Amino acid sequence: MIPVMRPWFGPEEQAAVGEVIASGWVAQGPRVAEFEREFAASVEASHGVAASSCTTALHLGLVLADVGPGDEVIVPSLSFIATANVVRYVGATPVFADIDPATGNLTAKTIDAARTPRTRAVIVVHQAGVPADIDDIRAVHNGLTLIEDAACAAGSRYRGRPVGAGSTVSAWSFHPRKLLTTGEGGMLTTDDPEWAARARRLREHGMSVSAAERHASGSTAPEEYTEVGFNYRMTDLQAAVGLVQLGRLPELIARRRALAARYQRLLAGVPGLTTVHDPAYGSSNYQSFWIALPADFPMNRNELLGFLAERGISARRGIMAAHLEPAYAGVPAAELPNTEWLTANSLILPLFHAMTEAEQDQVVEAVHAAAGI
Ligand SMILES: *Cc1c(COP(=O)(O)O)cnc(C)c1O
């Protein structure tokens, strides 16, 4: 089977984990602090706060923004369900907005259509690694807190800078389905030193002094719990892997972009087929390579998934739409025609670092066969 995604590891990750185990300190400690500094620097953010996942980092972002009951948060329905779930975690109401079908992302216009006097924040997703037009959104929605769900977007670029640069708060994922992985893991980045300090306390039970700091200083002064926090910590085992993976990121992106360009070229002959591509203002890391089928394609999306599976190719349905799930029945939403079209007609093709051109040719030939060419 050709997998849809496979992480890229070498012996360096194994050695890094071995060193952490030998040190005797495996929970959040010096490796996490180092990973935070290096990751934040790579996305041109002043502060990085590691978390157990992107989901928990997004939750912290909403707590920092003081979003709660009675507030509405605009989110794309076209996203992994965590984007909407975190709004529920703080007791606020997610309001679904439509997307631009070319990028899969919210725009200033679609946000406008979902805005009400109760709107407090927007979670802007850089879907599948394609950067959203965040300057355009910032220009129009300066009264709202913009939280960026950059789960998929490590290494994507926007107007000459990394996605996340200049952002109020961004959340990142290191799940193996993304590019850079720590098994599970996430990060919150921000330029605000007070938000960063509060996020560090909140992810560690609201503790005034972290366990690692107390250990390093030898202090016996008891810690204080200034507010109700969470256990959203990353471990040093994960951060050690993350540091090695971060070093691999430029090579990961170069390879993915080369394979994506090859897909675009080889699939260009399929009439009406859309493939994900860079927007005019930035570049994608191609975390997922999605295609969308035209109405006159000889089979529907699910039939094509089955057709590919029979040929040893593991593809996936395109990005889900949260408003169609039972957990979100009855949640307010603007009209979502682009979301509904893209989620029904798109699928994600295999793309991973070690993918060979022969494997890619096999995928392309199968799509051609399905298209009858
Ligand atoms: C994967 C993903 C998440 C969740 O990331 P975790 O690290 O698994 O919590 C959130 N938002 C988007 C857009 C994602 O793709």
# chains A, B, ... in the order shown; residues from 1 in each chain; ligands from 1

$ residues_near_ligand --ligand "ligand 1" --cutoff "6 Å" --atoms "only C-alpha atoms and all ligand atoms" --output "compact mmCIF listing (two decimals) with N, CA, C and O atoms, in the first residue's frame"
# COMPACT_ATOMS: atom_id res chain seq x y z
N SER A 53 -0.47 19.40 22.46
CA SER A 53 -1.01 19.27 21.10
C SER A 53 -1.35 20.65 20.57
O SER A 53 -1.33 21.64 21.32
N CYS A 54 -1.72 20.70 19.29
CA CYS A 54 -2.23 21.97 18.75
C CYS A 54 -3.59 22.28 19.37
O CYS A 54 -3.92 23.44 19.62
N THR A 55 -4.37 21.24 19.61
CA THR A 55 -5.70 21.45 20.20
C THR A 55 -5.58 22.16 21.55
O THR A 55 -6.30 23.13 21.82
N SER A 79 -12.45 22.32 8.35
CA SER A 79 -11.21 22.16 9.11
C SER A 79 -11.32 20.89 9.92
O SER A 79 -12.43 20.37 10.11
N PHE A 80 -10.19 20.42 10.42
CA PHE A 80 -10.25 19.33 11.38
C PHE A 80 -11.10 19.83 12.56
O PHE A 80 -11.07 20.99 12.93
N ALA A 82 -11.05 19.85 15.65
CA ALA A 82 -10.47 20.50 16.84
C ALA A 82 -10.64 22.02 16.78
O ALA A 82 -10.79 22.67 17.82
N THR A 83 -10.62 22.60 15.57
CA THR A 83 -10.75 24.06 15.42
C THR A 83 -12.06 24.55 16.03
O THR A 83 -12.09 25.60 16.69
N VAL A 125 -7.58 29.42 9.97
CA VAL A 125 -6.79 28.21 9.70
C VAL A 125 -5.99 28.40 8.42
O VAL A 125 -6.51 28.93 7.44
N GLN A 127 -5.14 26.23 6.03
CA GLN A 127 -5.57 24.85 5.79
C GLN A 127 -4.63 24.07 4.88
O GLN A 127 -4.30 24.55 3.79
N ASP A 149 -4.76 29.12 13.53
CA ASP A 149 -4.59 27.68 13.63
C ASP A 149 -3.61 27.30 12.53
O ASP A 149 -3.99 27.11 11.37
N ALA A 151 -1.76 24.63 12.57
CA ALA A 151 -1.45 23.21 12.81
C ALA A 151 -0.66 22.60 11.66
O ALA A 151 0.29 21.86 11.87
N CYS A 152 -1.10 22.94 10.43
CA CYS A 152 -0.53 22.28 9.23
C CYS A 152 0.57 23.11 8.59
O CYS A 152 1.08 22.71 7.55
N SER A 173 0.86 22.18 15.30
CA SER A 173 0.74 20.76 15.64
C SER A 173 1.99 19.99 15.22
O SER A 173 2.54 20.23 14.14
N PHE A 174 2.37 19.05 16.08
CA PHE A 174 3.48 18.14 15.75
C PHE A 174 2.99 16.70 15.71
O PHE A 174 3.71 15.77 16.04
N HIS A 175 1.72 16.53 15.34
CA HIS A 175 1.15 15.20 15.12
C HIS A 175 1.79 14.61 13.85
O HIS A 175 2.12 15.36 12.92
N GLY A 185 2.07 16.57 20.03
CA GLY A 185 2.72 17.77 20.54
C GLY A 185 2.21 19.00 19.83
O GLY A 185 1.62 18.90 18.75
N GLY A 186 2.40 20.13 20.47
CA GLY A 186 1.96 21.39 19.88
C GLY A 186 2.77 22.54 20.42
O GLY A 186 3.65 22.36 21.28

$ select_by_dssp --residues "segment 148-368 of chain A" --states "strand (DSSP E)" --output "JSON, numbers by chain"
{"A": [148, 149, 157, 158, 161, 162, 169, 170, 171, 172, 173, 186, 187, 188, 189, 190, 274, 275, 282, 283, 289, 290, 291, 292, 316, 317, 346, 347, 348, 349]}

$ residues_around --residues "Trp8 of chain A" --least-positions-apart "4" --cutoff "9 Å" --atoms "only C-alpha atoms" --output "PyMOL selection string"
chain A and resi 179-181+245+248+252+352-354

$ closest_residue --among "A:Gly166, A:Leu259, A:Asp71, A:Val86" --to "Pro117 of chain A" --atoms "only C-alpha atoms"
A:Asp71

$ closest_residue --among "A:Gly272, A:Leu349, A:Leu336, A:Phe297" --to "Gly372 of chain A" --atoms "only C-alpha atoms"
A:Phe297

$ atom_distance --atom1 "atom CA of Tyr158 of chain A" --atom2 "atom CA of Trp195 of chain A"
23.7 Å

$ residues_around --residues "Met5 of chain A" --least-positions-apart "6" --cutoff "7 Å" --atoms "only C-alpha atoms" --output "JSON, numbers by chain"
{"A": [177, 350, 351, 352]}

$ closest_residue --among "A:Leu243, A:Ala268, A:Ala92, A:Val364" --to "Phe35 of chain A" --atoms "only C-alpha atoms"
A:Leu243
